[in-house]
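Engineer: I'd like to ask some things about the structure below.
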Amino acid sequence: MERLSTLPGIRPLALARLPADFFAPPRDPEAPEPLRLEWPHRGAAFRLTGCPSLQAAFRAALVEYEAAEAAAALARRSGDLRGFFAAMTETHRCTAALDAFDLPATDLARLQALARRRAREAARRERQAEAA
């Protein structure tokens, strides 16, 4: 039986040693520079690069997401079920807003983990302050 790749007019789907975006259309020079997150080897701080207006919008969306995570953690710790579900709904809305910036899923997951950790620690500190 003859191999499919030797048939005339049929080319392989993936050519060796070509980047994944080789056949993608060229980037529009008038379009704003896309956002990118650069993570240091140590620490939780990230560096945001790209269009300044997109950076400002992304930072605002990230602040909203962190506030929603903090509200959800506080409501969960206090036992407020309605408040928890309302805050989680807001968290999902903010996650969709962050997804709209078209960043890699690994970067968004890392940002979410950091926001959840900060919210958990803030709720724990507030709970300890109430107990004292």
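Letters A, B, ... mark the chains of the structure tokens in the order given; residue numbers begin at 1 per chain; ligand numbers begin at 1, in order shown.
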What's around A:Pro32 at 10 Å? Count only C-alpha atoms, leave out sequence neighbours fewer than 6 positions away in its own chain, and write the answer as a list in words.
Structural biologist: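 Skipping anything fewer than 6 positions along the chain leaves Gly50, Cys51, Pro52, Ser53 and Leu54 of chain A.
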Engineer: Could you write out that same residue set with N, CA, C and O atoms as an mmCIF file, in the first residue's frame?
Structural biologist:
```
data_model
loop_
_atom_site.group_PDB
_atom_site.id
_atom_site.type_symbol
_atom_site.label_atom_id
_atom_site.label_comp_id
_atom_site.auth_asym_id
_atom_site.auth_seq_id
_atom_site.Cartn_x
_atom_site.Cartn_y
_atom_site.Cartn_z
ATOM 1 N N GLY A 50 3.543 45.529 26.329
ATOM 2 C CA GLY A 50 2.581 45.683 25.237
ATOM 3 C C GLY A 50 2.020 47.091 25.217
ATOM 4 O O GLY A 50 2.599 48.027 25.759
ATOM 5 N N CYS A 51 0.887 47.244 24.594
ATOM 6 C CA CYS A 51 0.220 48.534 24.436
ATOM 7 C C CYS A 51 -0.130 49.117 25.813
ATOM 8 O O CYS A 51 -0.753 48.441 26.633
ATOM 9 N N PRO A 52 0.247 50.376 26.085
ATOM 10 C CA PRO A 52 -0.029 50.973 27.400
ATOM 11 C C PRO A 52 -1.520 51.043 27.750
ATOM 12 O O PRO A 52 -1.895 50.834 28.908
ATOM 13 N N SER A 53 -2.378 51.319 26.780
ATOM 14 C CA SER A 53 -3.809 51.381 27.091
ATOM 15 C C SER A 53 -4.357 49.988 27.422
ATOM 16 O O SER A 53 -5.208 49.845 28.308
ATOM 17 N N LEU A 54 -3.862 48.962 26.730
ATOM 18 C CA LEU A 54 -4.266 47.592 27.066
ATOM 19 C C LEU A 54 -3.735 47.191 28.437
ATOM 20 O O LEU A 54 -4.406 46.473 29.190
#
```
Engineer: Show me, as number ranges by chain, the residues that have an atom within 12 Å of stretch 33-35 of chain A when counting only C-alpha atoms, minus same-chain residues fewer than 4 positions from it.
Structural biologist: A: 27-29, 47-59, 98-104, 107
Engineer: Can you pull out the residues contacting stretch 71-73 of chain A? Cut-off 12 Å, using only C-alpha atoms, and skip same-chain residues under 2 positions away; I want them as a ChimeraX atom specification.
Structural biologist: /A:64-69,75-92,115-127
Engineer: How would you write, as number ranges by chain, the set of residues in chain A that DSSP gives as helix (DSSP H, G or I)?
Structural biologist: A: 4-6, 52-78, 81-99, 105-131
Engineer: What separation in Å, quoted to one decimal, exists between atom CA of A:Ala96 and atom CA of A:Leu62?
Structural biologist: 11.1 Å
Engineer: Using Å and a single decimal, report how far atom CA of A:Pro19 sits from atom CA of A:His41.
Structural biologist: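 According to the coordinates, atom CA of A:His41 and atom CA of A:Pro19 are separated by 25.7 Å.
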Engineer: If you run DSSP on the backbone, which residues of chain A are strand (DSSP E or B), as a list of chain:residue names?
Structural biologist: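 The strand (DSSP E or B) subset of chain A is A:Arg36, A:Leu37, A:Glu38, A:Arg47, A:Leu48, A:Thr49.
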Engineer: Please compute the atom CA of A:Thr106-atom CA of A:Glu38 distance, one decimal, in Å.
Structural biologist: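 Pair atom CA of A:Thr106 / atom CA of A:Glu38 returns 11.8 Å.
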Engineer: Of the candidates A:Ala131, A:Leu37, A:Cys94, A:Ala44, which shows the shortest atom-to-atom distance to A:Val63, using only C-alpha atoms?
Structural biologist: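 Comparing A:Ala131, A:Leu37, A:Cys94, A:Ala44 against A:Val63, the winner is A:Cys94.
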